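Source file: start.cif. Holds: mmCIF, C-alpha atoms.
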data_target
loop_
_atom_site.label_atom_id
_atom_site.label_comp_id
_atom_site.auth_asym_id
_atom_site.auth_seq_id
_atom_site.Cartn_x
_atom_site.Cartn_y
_atom_site.Cartn_z
CA MET A 1 -4.07 41.83 -40.33
CA LEU A 2 -6.55 40.11 -37.98
CA GLU A 3 -7.03 37.26 -40.43
CA SER A 4 -3.24 36.84 -40.78
CA VAL A 5 -2.89 36.56 -36.99
CA VAL A 6 -5.29 33.63 -36.89
CA ALA A 7 -3.69 32.02 -39.92
CA ASP A 8 -0.06 32.39 -38.82
CA TRP A 9 -0.42 31.43 -35.14
CA PRO A 10 -1.82 27.92 -34.65
CA THR A 11 -2.81 28.52 -31.01
CA ILE A 12 -4.93 31.63 -31.78
CA TYR A 13 -8.67 30.99 -31.85
CA ASP A 14 -9.84 34.52 -32.82
CA ALA A 15 -8.88 38.19 -32.53
CA ALA A 16 -10.87 41.37 -32.14
CA ILE A 17 -10.68 45.10 -31.48
CA VAL A 18 -13.42 46.27 -29.09
CA ASP A 19 -14.39 49.73 -27.87
CA SER A 20 -14.68 50.90 -24.31
CA SER A 21 -18.20 49.49 -24.03
CA GLY A 22 -17.09 45.98 -25.05
CA LYS A 23 -18.57 46.00 -28.58
CA ALA A 24 -16.50 44.58 -31.41
CA ILE A 25 -15.25 47.20 -33.90
CA LEU A 26 -13.31 44.55 -35.87
CA HIS A 27 -13.47 40.76 -35.41
CA THR A 28 -12.21 37.72 -37.26
CA ASN A 29 -15.77 36.45 -37.07
CA PRO A 30 -17.81 38.97 -39.09
CA LYS A 31 -21.03 37.97 -37.30
CA LEU A 32 -19.73 39.47 -34.03
CA VAL A 33 -18.90 42.94 -35.43
CA GLY A 34 -20.94 45.56 -33.58
CA LYS A 35 -21.95 43.10 -30.86
CA LEU A 36 -20.78 42.67 -27.30
CA VAL A 37 -17.82 40.30 -27.05
CA PRO A 38 -18.18 37.76 -24.21
CA ILE A 39 -15.75 38.02 -21.32
CA ARG A 40 -13.24 35.16 -21.21
CA PRO A 41 -10.75 34.11 -18.51
CA ASN A 42 -7.39 35.81 -18.72
CA PHE A 43 -4.59 33.75 -20.24
CA GLU A 44 -2.31 34.85 -17.37
CA ILE A 45 -4.03 32.14 -15.27
CA VAL A 46 -2.33 29.53 -17.45
CA GLN A 47 0.93 31.44 -17.73
CA ASP A 48 1.41 31.96 -13.99
CA ALA A 49 0.31 28.45 -12.91
CA ARG A 50 2.71 25.70 -11.93
CA PHE A 51 3.61 23.01 -14.41
CA ARG A 52 1.21 20.34 -13.11
CA ARG A 53 -1.70 22.82 -12.97
CA GLN A 54 -0.83 24.02 -16.46
CA LEU A 55 -1.16 20.45 -17.72
CA ARG A 56 -4.53 20.10 -16.01
CA LEU A 57 -5.77 23.40 -17.47
CA VAL A 58 -4.63 22.50 -20.98
CA TYR A 59 -5.61 18.82 -21.06
CA ASN A 60 -8.95 19.05 -19.24
CA THR A 61 -12.12 20.69 -20.56
CA PRO A 62 -11.45 22.74 -23.72
CA THR A 63 -11.44 26.44 -22.85
CA VAL A 64 -10.70 29.65 -24.71
CA TYR A 65 -8.56 32.09 -22.74
CA GLU A 66 -8.00 35.71 -23.69
CA VAL A 67 -4.96 37.97 -24.01
CA ARG A 68 -5.90 41.64 -23.59
CA MET A 69 -4.00 44.79 -24.47
CA PRO A 70 -5.34 48.31 -23.92
CA LEU A 71 -5.77 50.54 -26.97
CA GLN A 72 -5.47 54.31 -26.86
CA LEU A 73 -6.42 57.03 -29.36
CA ASN A 74 -4.84 60.49 -29.04
CA GLY A 75 -3.61 59.61 -25.55
CA ALA A 76 -7.09 58.65 -24.27
CA PRO A 77 -8.43 55.11 -23.64
CA PHE A 78 -10.27 53.96 -26.72
CA GLY A 79 -10.77 50.21 -26.29
CA SER A 80 -8.70 47.05 -26.24
CA ILE A 81 -7.26 44.34 -28.41
CA ARG A 82 -8.42 40.84 -27.48
CA VAL A 83 -6.81 37.65 -28.74
CA GLY A 84 -8.43 34.29 -27.94
CA VAL A 85 -6.12 31.32 -27.16
CA SER A 86 -7.75 27.88 -27.28
CA THR A 87 -6.51 25.02 -25.09
CA VAL A 88 -7.36 22.60 -27.88
CA PHE A 89 -4.79 24.28 -30.13
CA LEU A 90 -2.34 24.46 -27.23
CA LYS A 91 -2.78 20.73 -26.65
CA ASN A 92 -2.02 19.97 -30.28
CA GLU A 93 1.14 22.08 -30.07
CA LEU A 94 2.34 20.75 -26.71
CA THR A 95 1.68 17.02 -27.12
CA PRO A 96 4.48 16.29 -29.65
CA TRP A 97 6.91 18.40 -27.65
CA LEU A 98 6.00 16.66 -24.37
CA HIS A 99 6.27 13.25 -26.06
CA HIS A 100 9.74 14.19 -27.29
CA VAL A 101 10.75 15.37 -23.80
CA VAL A 102 9.48 12.16 -22.17
CA VAL A 103 11.42 10.02 -24.67
CA LEU A 104 14.58 12.03 -24.06
CA SER A 105 14.12 11.80 -20.27
CA ALA A 106 13.59 8.04 -20.37
CA THR A 107 16.64 7.63 -22.60
CA ALA A 108 18.74 9.79 -20.29
CA ILE A 109 17.61 7.79 -17.23
CA LEU A 110 18.39 4.50 -18.98
CA ILE A 111 21.84 5.72 -20.03
CA SER A 112 22.48 7.00 -16.49
CA LEU A 113 21.56 3.60 -15.04
CA LEU A 114 23.85 1.81 -17.48
CA VAL A 115 26.72 4.19 -16.77
CA ALA A 116 26.15 3.89 -13.00
CA ALA A 117 26.08 0.10 -13.24
CA GLY A 118 29.29 0.09 -15.26
CA LEU A 119 31.06 2.47 -12.89
CA SER A 120 29.90 0.57 -9.81
CA ASN A 121 31.05 -2.70 -11.36
CA LEU A 122 34.40 -1.13 -12.17
CA ALA A 123 34.75 0.41 -8.72
CA LEU A 124 33.48 -2.57 -6.73
CA GLY A 125 35.27 -5.21 -8.80
CA PRO A 126 38.34 -5.31 -6.50
CA LEU A 127 36.06 -5.63 -3.47
CA GLU A 128 34.33 -8.59 -5.07
CA ARG A 129 37.66 -10.25 -5.76
CA LEU A 130 38.77 -9.56 -2.19
CA SER A 131 35.55 -11.15 -0.97
CA ARG A 132 36.31 -14.23 -3.01
CA SER A 133 39.82 -14.24 -1.58
CA LEU A 134 38.43 -14.09 1.95
CA ASP A 135 36.11 -16.97 1.16
CA SER A 136 39.03 -18.98 -0.15
CA VAL A 137 41.05 -18.06 2.96
CA THR A 138 38.43 -19.65 5.19
CA SER A 139 38.56 -22.79 3.08
CA GLY A 140 42.39 -22.85 2.90
CA GLU A 141 42.66 -22.57 -0.89
CA SER A 142 43.98 -19.04 -1.39
CA ASP A 143 47.74 -19.48 -0.92
CA ALA A 144 48.53 -20.55 -4.46
CA ILE A 145 46.16 -18.00 -6.04
CA ALA A 146 47.49 -15.12 -3.95
CA GLU A 147 51.11 -15.96 -4.72
CA GLU A 148 50.26 -16.15 -8.41
CA GLU A 149 48.58 -12.71 -8.39
CA ALA A 150 51.04 -11.01 -6.03
CA SER A 151 53.24 -9.82 -8.88
CA ARG A 152 50.40 -8.27 -10.89
CA ASP A 153 49.14 -5.19 -9.03
CA GLU A 154 48.12 -3.79 -5.66
CA TYR A 155 45.22 -6.21 -5.56
CA GLY A 156 47.69 -9.10 -5.74
CA LEU A 157 49.65 -7.72 -2.79
CA VAL A 158 46.48 -7.36 -0.73
CA SER A 159 45.45 -10.89 -1.66
CA LEU A 160 48.84 -12.18 -0.58
CA LYS A 161 48.55 -10.41 2.78
CA ILE A 162 45.07 -11.85 3.23
CA ALA A 163 46.41 -15.31 2.47
CA HIS A 164 49.18 -14.91 5.06
CA LEU A 165 46.66 -13.69 7.60
CA GLY A 166 44.42 -16.64 6.88
CA ARG A 167 47.34 -19.02 7.27
CA GLN A 168 48.19 -17.49 10.64
CA MET A 169 44.55 -17.75 11.71
CA ARG A 170 44.45 -21.41 10.72
CA ASP A 171 47.66 -22.09 12.64
CA ALA A 172 46.34 -20.32 15.72
CA ARG A 173 43.06 -22.21 15.46
CA GLU A 174 44.88 -25.53 15.21
CA ILE A 175 47.03 -24.67 18.25
CA PHE A 176 43.99 -23.60 20.21
CA SER A 177 42.15 -26.79 19.29
CA ALA A 178 45.11 -28.90 20.37
CA LEU A 179 45.40 -27.04 23.68
CA LYS A 180 41.69 -27.35 24.29
CA ASP A 181 41.78 -31.09 23.65
CA ASN A 182 44.72 -31.49 26.02
CA VAL A 183 43.07 -29.44 28.76
CA ASP A 184 39.79 -31.32 28.37
CA GLN A 185 41.63 -34.61 28.64
CA ILE A 186 43.50 -33.49 31.76
CA MET A 187 40.38 -32.10 33.44
CA SER A 188 38.35 -35.21 32.70
CA ASN A 189 41.01 -37.62 34.04
CA LEU A 190 42.06 -35.50 37.02
CA GLN A 191 40.59 -36.72 40.31
CA ASP A 192 41.93 -33.87 42.42
CA GLY A 193 40.38 -30.45 42.43
CA LEU A 194 42.04 -27.96 40.07
CA MET A 195 41.22 -24.30 39.61
CA LEU A 196 43.05 -21.86 37.36
CA PHE A 197 42.99 -18.13 38.12
CA THR A 198 43.92 -15.00 36.17
CA ARG A 199 46.26 -12.31 37.50
CA ASP A 200 43.32 -10.51 39.13
CA ALA A 201 42.37 -13.75 40.96
CA ARG A 202 39.35 -14.68 38.85
CA VAL A 203 38.51 -18.29 37.99
CA VAL A 204 38.88 -19.30 34.34
CA LEU A 205 39.02 -23.09 34.63
CA VAL A 206 37.48 -25.52 37.13
CA SER A 207 37.79 -29.30 37.23
CA ALA A 208 34.81 -31.56 37.80
CA SER A 209 35.94 -32.68 41.26
CA VAL A 210 35.76 -29.09 42.55
CA GLU A 211 32.00 -29.22 42.23
CA THR A 212 31.88 -32.03 44.77
CA PHE A 213 34.28 -30.23 47.08
CA LEU A 214 32.47 -26.87 47.03
CA GLY A 215 28.99 -28.15 46.36
CA ARG A 216 28.44 -25.62 43.56
CA PRO A 217 28.30 -26.11 39.78
CA ARG A 218 31.25 -24.98 37.72
CA ARG A 219 29.28 -22.42 35.74
CA GLU A 220 28.65 -20.45 38.95
CA LEU A 221 32.36 -20.36 39.79
CA LEU A 222 33.70 -19.10 36.48
CA GLY A 223 34.61 -15.41 36.58
CA ARG A 224 34.43 -15.13 40.38
CA THR A 225 37.31 -14.10 42.62
CA VAL A 226 38.96 -16.17 45.35
CA LYS A 227 37.26 -14.20 48.11
CA GLU A 228 33.84 -14.63 46.53
CA ILE A 229 34.30 -18.39 46.39
CA PHE A 230 36.06 -19.32 49.62
CA PHE A 231 35.39 -16.42 51.96
CA SER A 232 31.63 -16.60 51.40
CA ARG A 233 31.80 -20.35 52.04
CA VAL A 234 33.69 -19.85 55.34
CA VAL A 235 31.26 -17.16 56.52
CA ALA A 236 28.29 -19.36 55.61
CA GLY A 237 29.85 -22.29 57.53
CA ARG A 238 30.44 -20.19 60.64
CA HIS A 239 26.94 -18.84 60.53
CA ARG A 240 25.51 -22.32 60.21
CA SER A 241 27.66 -23.66 63.10
CA ARG A 242 26.59 -20.80 65.37
CA ARG A 243 22.97 -21.44 64.58
CA LEU A 244 23.25 -25.16 65.37
CA SER A 245 25.37 -24.85 68.54
CA PRO A 246 23.41 -24.53 71.89
CA ALA A 247 23.44 -21.23 73.69
CA PRO A 248 25.65 -21.14 76.86
CA HIS A 249 23.88 -21.23 80.26
CA ARG A 250 24.29 -18.29 82.52
CA ARG A 251 24.97 -19.05 86.15
CA ALA A 252 22.92 -17.06 88.61
CA THR A 253 24.86 -15.07 91.11
#

Target encoding structure tokens, full file:
Amino acid sequence: MLESVVADWPTIYDAAIVDSSGKAILHTNPKLVGKLVPIRPNFEIVQDARFRRQLRLVYNTPTVYEVRMPLQLNGAPFGSIRVGVSTVFLKNELTPWLHHVVVLSATAILISLLVAAGLSNLALGPLERLSRSLDSVTSGESDAIAEEEASRDEYGLVSLKIAHLGRQMRDAREIFSALKDNVDQIMSNLQDGLMLFTRDARVVLVSASVETFLGRPRRELLGRTVKEIFFSRVVAGRHRSRRLSPAPHRRAT
């Protein structure tokens, strides 16, 4: 039976039955019968270790671990059964299995990447087409394309709305440019001072001649209120006139 254990289990190095004093009663190696069997580390160290430590224990220095089971005779301790497990044999058994697992994992990762790329391309395809539509809107070339695709699907309707929005933006930009040119022409040719205020009395437009009148650059006037511009100027003028005027003489009584 001991010889069949070693022959049938490829990870088993040897097997023995020892008495309570540690001497071999039966052993797969006949030379060790009647001799003390050396103590080996328990195989539970490998069993209970984490995966990375198990790999280090198996693939580092070859070691023979031992599986022990107590043996009783007529209800009293008699000895133990000891089975040696070699890491060399374990390595030979695990390596093909680990290689197979690594190949399967790499294949699964590659398939996952391909599936993710396909799904992302499928999901983000409309966004890419919308981005192209927005680019064509800025260049003014999307009207014909959007009208052609409007009858196809929801993407066509969105493209058509984007085209209309782009057309409105272009019209507003053209109007704004025309107004700006007209205002610039008026402000450059106007010799009188002109200031435009908002409803809360803040300056939004100043002609060039106002700088000469107020003695301040236009960039300092923009955004200020009427009181900040004129009231501060009046107070500064009064203060300056008081400082320059001579003090009145008091007549002695």

| message | Please determine, counting all atoms listed in the file, which residue among A:Phe176, A:Tyr65, A:Phe51, A:Phe230 has the shortest atom-to-atom distance to Val85 in chain A. | response |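 Using all atoms listed in the file, Val85 in chain A sits closest to A:Tyr65.
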
| request: List the residues selected by the PyMOL selection byres ((chain A and resi 223) around 7) in the file shown, writing them as a list in words. | output: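 After applying the PyMOL selection byres ((chain A and resi 223) around 7), what remains is Arg202, Val203, Val204, Leu221, Leu222, Arg224 and Thr225 of chain A.
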
| query | Hey, can you check how far CA of Ile81 in chain A sits from CA of Thr95 in chain A? | reply |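 Pair CA of Ile81 in chain A / CA of Thr95 in chain A returns 28.8 Å.
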
| Which one is closest to Pro70 in chain A: A:Asp19, A:Glu228, A:Asp184, A:Glu211? Count all atoms listed in the file. |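 Ranked by minimum distance to Pro70 in chain A, first place goes to A:Asp19.
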
| message | Report, in Å to a single decimal, how far apart CA of Val83 in chain A and CA of Leu71 in chain A are. | response | 13.1 Å

| field | Residue contacts of Gly215 in chain A (12 Å, all atoms listed in the file) excluding same-chain residues fewer than 5 positions away, as a ChimeraX atom specification | value | /A:208-210,220-221,229-230,233

Restricting the output to C-alpha atoms, write the selected residues as a tab-separated table (two decimals), keeping the file's coordinate frame.
chain	number	residue	atom	x	y	z
A	208	ALA	CA	34.81	-31.56	37.80
A	209	SER	CA	35.94	-32.68	41.26
A	210	VAL	CA	35.76	-29.09	42.55
A	220	GLU	CA	28.65	-20.45	38.95
A	221	LEU	CA	32.36	-20.36	39.79
A	229	ILE	CA	34.30	-18.39	46.39
A	230	PHE	CA	36.06	-19.32	49.62
A	233	ARG	CA	31.80	-20.35	52.04

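Note that the spacing between CA of Arg52 in chain A and CA of Ile12 in chain A amounts to 22.7 Å.
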
| query | Which is closest to Gln72 in chain A among A:Ser112, A:Ser4, A:Thr198, A:Ser20, if we use all atoms listed in the file? | reply | A:Ser20

| Leaving out Val64 in chain A and any residue of its chain fewer than 5 positions from it, which residues lie within 9 Å of it when counting all atoms listed in the file, given as a ChimeraX atom specification? | /A:13,40-41,43,84-88

| query | Written as a VMD selection string, what is the full residue list that the PyMOL selection byres ((chain A and resi 193) around 8) yields on the file shown? | reply | chain A and resid 190 to 192 194 to 195 206 to 210 213

Evaluate the PyMOL selection byres ((chain A and resi 10) around 10) here and jot the selected residues down as a CSV table (one decimal) with C-alpha atoms, in the coordinates of the input.
chain,number,residue,atom,x,y,z
A,5,VAL,CA,-2.9,36.6,-37.0
A,6,VAL,CA,-5.3,33.6,-36.9
A,7,ALA,CA,-3.7,32.0,-39.9
A,8,ASP,CA,-0.1,32.4,-38.8
A,9,TRP,CA,-0.4,31.4,-35.1
A,11,THR,CA,-2.8,28.5,-31.0
A,12,ILE,CA,-4.9,31.6,-31.8
A,13,TYR,CA,-8.7,31.0,-31.8
A,85,VAL,CA,-6.1,31.3,-27.2
A,86,SER,CA,-7.8,27.9,-27.3
A,89,PHE,CA,-4.8,24.3,-30.1
A,90,LEU,CA,-2.3,24.5,-27.2
A,92,ASN,CA,-2.0,20.0,-30.3
A,93,GLU,CA,1.1,22.1,-30.1

Could you work out an axis-aligned bounding box for all listed atoms of range 44-52 of chain A, with 3 Å added on each of the six sides, and give its centre and edge lengths in Å to one decimal, as AutoDock Vina command-line options?
--center_x -0.2 --center_y 27.6 --center_z -14.8 --size_x 13.6 --size_y 20.5 --size_z 11.8
